[in-house]
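Shown here: data15.txt, compact mmCIF, C-alpha atoms.
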```txt
# COMPACT_ATOMS: atom_id res chain seq x y z
CA MET A 1 -37.97 -39.86 -11.60
CA ASN A 2 -37.90 -41.09 -8.01
CA GLU A 3 -40.87 -40.98 -5.63
CA ILE A 4 -39.77 -37.88 -3.70
CA THR A 5 -39.11 -35.92 -6.88
CA ALA A 6 -42.53 -36.94 -8.22
CA GLN A 7 -44.28 -35.87 -5.00
CA VAL A 8 -42.49 -32.52 -4.87
CA THR A 9 -43.18 -31.92 -8.56
CA GLU A 10 -46.87 -32.60 -7.95
CA PHE A 11 -46.92 -30.20 -4.98
CA LEU A 12 -45.20 -27.47 -7.02
CA THR A 13 -47.52 -27.93 -9.99
CA LEU A 14 -50.57 -27.56 -7.76
CA ALA A 15 -49.17 -24.70 -5.67
CA LEU A 16 -47.87 -22.70 -8.64
CA ARG A 17 -50.91 -23.55 -10.81
CA ARG A 18 -48.83 -24.58 -13.81
CA PRO A 19 -46.84 -27.64 -14.83
CA VAL A 20 -43.40 -27.81 -13.26
CA ALA A 21 -40.71 -30.26 -14.40
CA PRO A 22 -38.21 -31.76 -11.93
CA ASP A 23 -35.39 -29.48 -13.10
CA ASP A 24 -37.40 -26.27 -13.56
CA ASP A 25 -35.98 -23.43 -11.45
CA TYR A 26 -39.27 -21.83 -10.44
CA PHE A 27 -37.49 -18.95 -8.66
CA ALA A 28 -35.49 -18.03 -11.80
CA LEU A 29 -38.69 -18.35 -13.86
CA GLY A 30 -40.39 -15.81 -11.59
CA LEU A 31 -43.01 -18.30 -10.42
CA ALA A 32 -42.00 -18.23 -6.74
CA ASP A 33 -40.94 -15.67 -4.17
CA SER A 34 -39.66 -15.67 -0.58
CA LEU A 35 -43.13 -16.22 0.83
CA PHE A 36 -43.54 -19.32 -1.33
CA ALA A 37 -40.09 -20.48 -0.17
CA LEU A 38 -41.44 -20.57 3.40
CA GLU A 39 -44.44 -22.59 2.23
CA LEU A 40 -42.11 -24.97 0.43
CA VAL A 41 -39.93 -25.47 3.51
CA THR A 42 -43.04 -26.18 5.59
CA PHE A 43 -44.23 -28.73 3.02
CA VAL A 44 -40.84 -30.49 3.04
CA GLU A 45 -40.71 -30.63 6.85
CA GLU A 46 -44.26 -31.92 7.23
CA ARG A 47 -44.34 -34.34 4.29
CA TYR A 48 -40.93 -35.94 4.87
CA ALA A 49 -40.62 -35.61 8.67
CA VAL A 50 -37.34 -33.71 8.46
CA THR A 51 -36.26 -30.55 10.19
CA VAL A 52 -34.90 -27.77 8.01
CA GLU A 53 -32.33 -26.00 10.16
CA VAL A 54 -31.25 -22.39 9.68
CA GLU A 55 -28.00 -23.62 8.15
CA ASP A 56 -30.05 -25.65 5.62
CA LEU A 57 -31.79 -22.56 4.25
CA ASP A 58 -29.70 -22.34 1.09
CA LEU A 59 -31.96 -21.35 -1.81
CA ASP A 60 -29.95 -23.62 -4.12
CA SER A 61 -31.27 -26.66 -2.22
CA PHE A 62 -34.85 -25.59 -2.93
CA ARG A 63 -34.64 -24.24 -6.53
CA THR A 64 -35.92 -27.41 -8.24
CA ALA A 65 -37.89 -30.51 -7.32
CA ALA A 66 -34.83 -32.65 -8.06
CA ARG A 67 -32.68 -30.60 -5.67
CA ILE A 68 -35.35 -30.79 -2.97
CA ALA A 69 -35.43 -34.58 -3.37
CA ARG A 70 -31.64 -34.75 -2.92
CA PHE A 71 -31.90 -32.50 0.13
CA VAL A 72 -34.63 -34.69 1.68
CA ARG A 73 -32.69 -37.90 1.05
CA ALA A 74 -29.59 -36.35 2.61
CA LYS A 75 -31.60 -35.26 5.67
CA GLN A 76 -32.96 -38.80 5.94
CA GLY A 77 -29.41 -40.14 6.03
CA HIS A 78 -28.91 -41.40 2.49
CA PRO A 79 -25.27 -40.98 1.38
CA ALA A 80 -24.81 -37.87 -0.76
CA GLY A 81 -28.58 -37.53 -0.84
CA LEU A 82 -28.93 -40.44 -3.26
CA GLY A 83 -31.27 -43.33 -2.65
CA ALA A 84 -31.15 -46.79 -4.14
CA GLY A 85 -31.91 -46.71 -7.82
CA ASP A 86 -31.56 -42.94 -8.09
CA ASP A 87 -29.08 -41.19 -10.27
CA ALA A 88 -27.38 -37.87 -9.69
CA SER A 89 -29.89 -36.05 -11.87
CA ALA A 90 -32.94 -37.25 -9.92
```

As structure tokens, the full file:
Amino acid sequence: MNEITAQVTEFLTLALRRPVAPDDDYFALGLADSLFALELVTFVEERYAVTVEVEDLDLDSFRTAARIARFVRAKQGHPAGLGAGDDASA
């Protein structure tokens, strides 16, 4: 697990008050709603100094910690959202 995925997983575990794995879809599990989605976007913007544009607001990019990590790396300019040493499942 890469550093971003670990940080997002930790945030989700604390915010949702239950363990969350990197590939857990917390929306499908009924653990999160649209209000939490706004909180999650705010966390991502503040923690990783990225701007989430209106066109970025695709729920699929925010369904799991691993997808959020790919989104952040892409916003930071890493090709295909992958950083050095990361694999496609990270």

For A:Ala65, the nearest of the candidates A:Tyr48, A:Gln7, A:Arg18, A:Gly77, counting only C-alpha atoms
A:Gln7

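Every polymer residue reaching to within 7 Å of (-28.7, -29.2, -2.4), counting only C-alpha atoms, appears in this list: Asp60, Ser61, Arg67, Ile68, Arg70 and Phe71 of chain A.
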
Selected residues written out with C-alpha atoms, as a short mmCIF file (atom, residue, chain, number, x, y, z; two decimals), in the frame of the given file:
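Final file, again31.cif:
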```
data_model
loop_
_atom_site.label_atom_id
_atom_site.label_comp_id
_atom_site.auth_asym_id
_atom_site.auth_seq_id
_atom_site.Cartn_x
_atom_site.Cartn_y
_atom_site.Cartn_z
CA ASP A 60 -29.95 -23.62 -4.12
CA SER A 61 -31.27 -26.66 -2.22
CA ARG A 67 -32.68 -30.60 -5.67
CA ILE A 68 -35.35 -30.79 -2.97
CA ARG A 70 -31.64 -34.75 -2.92
CA PHE A 71 -31.90 -32.50 0.13
#
```

Test item: residues at most 12 Å from A:Arg17, all atoms listed in the file, excluding those fewer than 4 positions along its chain, as a PDB file with C-alpha atoms, in the coordinates of the input:
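What landed in part.pdb:
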```pdb
ATOM      1  CA  THR A   9     -43.180 -31.920  -8.560  1.00  0.00           C
ATOM      2  CA  GLU A  10     -46.870 -32.600  -7.950  1.00  0.00           C
ATOM      3  CA  PHE A  11     -46.920 -30.200  -4.980  1.00  0.00           C
ATOM      4  CA  LEU A  12     -45.200 -27.470  -7.020  1.00  0.00           C
ATOM      5  CA  THR A  13     -47.520 -27.930  -9.990  1.00  0.00           C
ATOM      6  CA  TYR A  26     -39.270 -21.830 -10.440  1.00  0.00           C
ATOM      7  CA  LEU A  31     -43.010 -18.300 -10.420  1.00  0.00           C
ATOM      8  CA  ALA A  32     -42.000 -18.230  -6.740  1.00  0.00           C
TER       9      ALA A  32
END
```

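With distances taken over only C-alpha atoms, A:Val72 is the one residue among A:Ala6, A:Val72, A:Met1, A:Ala21 lying closest to A:Thr51.
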
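Reported to one decimal place, the separation of atom CA of A:Glu3 from atom CA of A:Asp23 is 14.8 Å.
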
Residues within 12 Å of (-37.5, -29.2, 8.7), counting all atoms listed in the file, listed as a list in words
Leu38, Glu39, Leu40, Val41, Thr42, Phe43, Val44, Glu45, Glu46, Arg47, Tyr48, Ala49, Val50, Thr51, Val52, Glu53, Val54, Glu55, Asp56, Leu57, Ile68, Phe71, Val72, Lys75 and Gln76 of chain A

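Taking atom CA of A:Pro79 and atom CA of A:Phe62 as the two end points, the separation is 18.6 Å.
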
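We find atom CA of A:Leu16 and atom CA of A:Ala74 to be spaced 25.4 Å apart.
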